[in-house]
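As stored in model15.cif (mmCIF, C-alpha atoms; chains and numbers go by the auth columns):
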```cif
data_upload
#
loop_
_atom_site.group_PDB
_atom_site.id
_atom_site.type_symbol
_atom_site.label_atom_id
_atom_site.label_comp_id
_atom_site.label_asym_id
_atom_site.label_seq_id
_atom_site.Cartn_x
_atom_site.Cartn_y
_atom_site.Cartn_z
_atom_site.B_iso_or_equiv
_atom_site.auth_seq_id
_atom_site.auth_asym_id
ATOM 1 C CA MET A 1 203.310 151.293 109.583 0.00 1 A
ATOM 2 C CA ALA A 2 205.554 152.205 112.495 0.00 2 A
ATOM 3 C CA GLN A 3 205.125 150.399 115.752 0.00 3 A
ATOM 4 C CA ARG A 4 204.490 152.340 118.957 0.00 4 A
ATOM 5 C CA ARG A 5 207.326 152.477 121.433 0.00 5 A
ATOM 6 C CA TYR A 6 205.028 152.983 124.380 0.00 6 A
ATOM 7 C CA SER A 7 201.545 151.941 125.330 0.00 7 A
ATOM 8 C CA LYS A 8 198.787 154.501 125.463 0.00 8 A
ATOM 9 C CA LYS A 9 197.459 155.042 128.970 0.00 9 A
ATOM 10 C CA PRO A 10 193.709 154.970 129.619 0.00 10 A
ATOM 11 C CA GLY A 11 191.921 158.160 130.666 0.00 11 A
ATOM 12 C CA LYS A 12 191.142 156.858 134.158 0.00 12 A
ATOM 13 C CA GLU A 13 194.810 156.211 134.866 0.00 13 A
ATOM 14 C CA LYS A 14 195.660 159.758 133.788 0.00 14 A
ATOM 15 C CA LEU A 15 193.028 161.191 136.118 0.00 15 A
ATOM 16 C CA VAL A 16 194.390 159.150 139.026 0.00 16 A
ATOM 17 C CA ALA A 17 197.915 160.293 138.155 0.00 17 A
ATOM 18 C CA LYS A 18 196.845 163.954 138.217 0.00 18 A
ATOM 19 C CA GLU A 19 195.183 163.472 141.597 0.00 19 A
ATOM 20 C CA ARG A 20 198.304 161.799 142.983 0.00 20 A
ATOM 21 C CA ILE A 21 200.462 164.657 141.755 0.00 21 A
ATOM 22 C CA GLU A 22 198.183 167.143 143.534 0.00 22 A
ATOM 23 C CA VAL A 23 198.333 165.104 146.749 0.00 23 A
ATOM 24 C CA LEU A 24 202.131 164.799 146.588 0.00 24 A
ATOM 25 C CA PHE A 25 202.545 168.557 146.209 0.00 25 A
ATOM 26 C CA SER A 26 200.231 169.201 149.155 0.00 26 A
ATOM 27 C CA LEU A 27 202.239 166.711 151.240 0.00 27 A
ATOM 28 C CA ALA A 28 205.443 168.446 150.148 0.00 28 A
ATOM 29 C CA ALA A 29 204.085 171.786 151.355 0.00 29 A
ATOM 30 C CA GLU A 30 203.253 170.280 154.748 0.00 30 A
ATOM 31 C CA ALA A 31 206.587 168.461 155.086 0.00 31 A
ATOM 32 C CA PHE A 32 208.760 171.424 154.092 0.00 32 A
ATOM 33 C CA TRP A 33 209.391 172.638 157.639 0.00 33 A
ATOM 34 C CA LYS A 34 209.806 169.140 159.094 0.00 34 A
ATOM 35 C CA SER A 35 212.018 167.381 156.557 0.00 35 A
ATOM 36 C CA ARG A 36 213.372 168.987 153.415 0.00 36 A
ATOM 37 C CA SER A 37 214.642 165.675 152.036 0.00 37 A
ATOM 38 C CA LEU A 38 211.158 164.144 152.346 0.00 38 A
ATOM 39 C CA CYS A 39 209.682 167.215 150.700 0.00 39 A
ATOM 40 C CA ASN A 40 212.096 166.917 147.761 0.00 40 A
ATOM 41 C CA ARG A 41 211.290 163.211 147.507 0.00 41 A
ATOM 42 C CA TYR A 42 207.591 164.041 147.095 0.00 42 A
ATOM 43 C CA VAL A 43 208.468 166.385 144.223 0.00 43 A
ATOM 44 C CA SER A 44 210.584 163.746 142.499 0.00 44 A
ATOM 45 C CA LEU A 45 207.779 161.175 142.863 0.00 45 A
ATOM 46 C CA ALA A 46 205.272 163.626 141.391 0.00 46 A
ATOM 47 C CA ARG A 47 207.574 164.251 138.426 0.00 47 A
ATOM 48 C CA LYS A 48 208.067 160.529 137.849 0.00 48 A
ATOM 49 C CA ILE A 49 204.297 159.945 137.855 0.00 49 A
ATOM 50 C CA ALA A 50 203.813 162.817 135.403 0.00 50 A
ATOM 51 C CA MET A 51 206.445 161.405 133.059 0.00 51 A
ATOM 52 C CA LYS A 52 205.204 157.823 133.298 0.00 52 A
ATOM 53 C CA TYR A 53 201.578 158.690 132.505 0.00 53 A
ATOM 54 C CA LYS A 54 202.438 161.609 130.182 0.00 54 A
ATOM 55 C CA VAL A 55 200.439 164.048 132.269 0.00 55 A
ATOM 56 C CA SER A 56 201.369 167.713 132.477 0.00 56 A
ATOM 57 C CA ILE A 57 201.871 169.271 135.882 0.00 57 A
ATOM 58 C CA ARG A 58 199.727 172.365 136.401 0.00 58 A
ATOM 59 C CA PRO A 59 201.627 175.681 135.936 0.00 59 A
ATOM 60 C CA GLU A 60 200.975 176.674 139.568 0.00 60 A
ATOM 61 C CA LEU A 61 202.671 173.488 140.724 0.00 61 A
ATOM 62 C CA LYS A 62 205.526 173.794 138.217 0.00 62 A
ATOM 63 C CA ARG A 63 206.565 177.018 139.892 0.00 63 A
ATOM 64 C CA ARG A 64 206.922 175.220 143.221 0.00 64 A
ATOM 65 C CA PHE A 65 210.045 173.276 142.282 0.00 65 A
ATOM 66 C CA CYS A 66 213.356 174.172 140.669 0.00 66 A
ATOM 67 C CA LYS A 67 213.682 173.080 137.064 0.00 67 A
ATOM 68 C CA HIS A 68 217.415 172.470 137.516 0.00 68 A
ATOM 69 C CA CYS A 69 217.829 170.703 140.852 0.00 69 A
ATOM 70 C CA TYR A 70 214.170 169.624 141.353 0.00 70 A
ATOM 71 C CA LYS A 71 213.993 170.853 144.947 0.00 71 A
ATOM 72 C CA TYR A 72 210.750 172.139 146.441 0.00 72 A
ATOM 73 C CA LEU A 73 210.778 175.940 146.566 0.00 73 A
ATOM 74 C CA MET A 74 209.430 178.122 149.342 0.00 74 A
ATOM 75 C CA PRO A 75 209.633 181.873 148.605 0.00 75 A
ATOM 76 C CA GLY A 76 211.823 183.701 151.069 0.00 76 A
ATOM 77 C CA VAL A 77 213.453 180.508 152.351 0.00 77 A
ATOM 78 C CA ASN A 78 215.236 178.835 149.455 0.00 78 A
ATOM 79 C CA VAL A 79 214.099 180.911 146.493 0.00 79 A
ATOM 80 C CA ARG A 80 214.310 184.615 145.731 0.00 80 A
ATOM 81 C CA VAL A 81 211.395 185.990 143.705 0.00 81 A
ATOM 82 C CA ARG A 82 211.787 189.183 141.690 0.00 82 A
ATOM 83 C CA THR A 83 209.491 190.841 139.202 0.00 83 A
ATOM 84 C CA THR A 84 210.871 192.700 136.252 0.00 84 A
ATOM 85 C CA GLU A 85 209.246 193.981 133.128 0.00 85 A
ATOM 86 C CA GLY A 86 207.334 191.161 131.525 0.00 86 A
ATOM 87 C CA HIS A 87 208.502 188.244 133.684 0.00 87 A
ATOM 88 C CA VAL A 88 208.913 186.902 137.203 0.00 88 A
ATOM 89 C CA THR A 89 212.390 185.621 138.053 0.00 89 A
ATOM 90 C CA TYR A 90 212.863 182.787 140.542 0.00 90 A
ATOM 91 C CA TYR A 91 216.441 182.458 141.805 0.00 91 A
ATOM 92 C CA CYS A 92 217.037 179.086 143.489 0.00 92 A
ATOM 93 C CA LEU A 93 219.332 179.455 146.490 0.00 93 A
ATOM 94 C CA GLU A 94 220.039 175.698 146.471 0.00 94 A
ATOM 95 C CA CYS A 95 221.630 175.390 143.016 0.00 95 A
ATOM 96 C CA LYS A 96 222.209 179.129 142.242 0.00 96 A
ATOM 97 C CA LYS A 97 220.249 178.993 138.971 0.00 97 A
ATOM 98 C CA PHE A 98 217.296 181.087 137.922 0.00 98 A
ATOM 99 C CA MET A 99 214.047 180.530 136.079 0.00 99 A
ATOM 100 C CA ARG A 100 211.928 183.102 134.308 0.00 100 A
ATOM 101 C CA PHE A 101 208.176 182.909 133.986 0.00 101 A
ATOM 102 C CA PRO A 102 206.511 185.422 131.654 0.00 102 A
ATOM 103 C CA TYR A 103 203.385 187.277 132.561 0.00 103 A
ATOM 104 C CA LYS A 104 201.138 189.453 130.491 0.00 104 A
ATOM 105 C CA LYS A 105 202.598 192.883 129.990 0.00 105 A
ATOM 106 C CA GLY A 106 200.435 195.837 130.694 0.00 106 A
ATOM 107 C CA ARG A 107 200.256 198.841 132.868 0.00 107 A
ATOM 108 C CA PRO A 108 197.963 199.004 135.865 0.00 108 A
ATOM 109 C CA VAL A 109 194.603 200.602 135.168 0.00 109 A
ATOM 110 C CA SER A 110 195.327 203.619 137.358 0.00 110 A
ATOM 111 C CA ARG A 111 198.345 204.598 135.223 0.00 111 A
ATOM 112 C CA ARG A 112 196.314 204.316 132.052 0.00 112 A
ATOM 113 C CA ILE A 113 193.620 206.539 133.481 0.00 113 A
ATOM 114 C CA LYS A 114 196.183 209.132 134.589 0.00 114 A
ATOM 115 C CA ARG A 115 197.793 209.115 131.151 0.00 115 A
ATOM 116 C CA ILE A 116 194.455 209.503 129.370 0.00 116 A
ATOM 117 C CA LYS A 117 193.437 212.355 131.677 0.00 117 A
ATOM 118 C CA SER A 118 196.749 214.160 131.164 0.00 118 A
ATOM 119 C CA GLN A 119 196.403 213.844 127.358 0.00 119 A
ATOM 120 C CA LYS A 120 192.916 215.390 127.407 0.00 120 A
ATOM 121 C CA LEU A 121 194.085 218.453 129.411 0.00 121 A
#
```
Structure re-expressed in structure tokens:
Amino acid sequence: MAQRRYSKKPGKEKLVAKERIEVLFSLAAEAFWKSRSLCNRYVSLARKIAMKYKVSIRPELKRRFCKHCYKYLMPGVNVRVRTTEGHVTYYCLECKKFMRFPYKKGRPVSRRIKRIKSQKL
């Protein structure tokens, strides 16, 4: 039988780690306008905690930092957000890389209704 390379973390430690990650992201949001380096430090600490305790960062929080340079992102300041068909594109102005996040395709309800009405006539 193969030996484990890492120790399994208890459930309580994982819960505490998730809470700390949430707190660090809220602190990063507050510190963004005061000190960008401190803000980026909070993001790196949150990532390290997530990796150490093997906890996933919530998708809403994952979109708040660049996956390439790990800087905290604030739309309109250091990230450009564009929507195209089927995905949202984040373009980091710090490292000049982009990330794509898919969203569910579908037309707005009003267009569907207009199309159905025009087909009936």
Evaluate the PyMOL selection byres ((chain A and resi 74-86) around 10) and report residues as a PyMOL selection string: chain A and resi 29+32-33+63-66+71-73+87-106
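The shortest atom-to-atom distance to Cys69 (chain A), with all atoms listed in the file taken into account, belongs to A:Asn40 out of A:Ser26, A:Gln3, A:Asn40, A:Ser35.
Shortest atom-to-atom contact with Tyr70 (chain A) among A:Lys52, A:Arg58, A:Arg4, A:Arg47: A:Arg47, counting all atoms listed in the file.
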Length of the CA of Ile21 (chain A) to CA of Tyr42 (chain A) vector [Å]: 8.9 Å
Result set, the PyMOL selection byres ((chain A and resi 22) around 12) on current file, as a PyMOL selection string: chain A and resi 15-21+23-29+42-43+45-47+49-50+55-62+64
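Our summary of the geometry notes that CA of Ala2 (chain A) is positioned 20.3 Å from CA of Lys54 (chain A).
The nearest approach to Glu13 (chain A) among the residues A:Cys39, A:Tyr53, A:Glu30, A:Lys48, with only C-alpha atoms taken into account, belongs to A:Tyr53.
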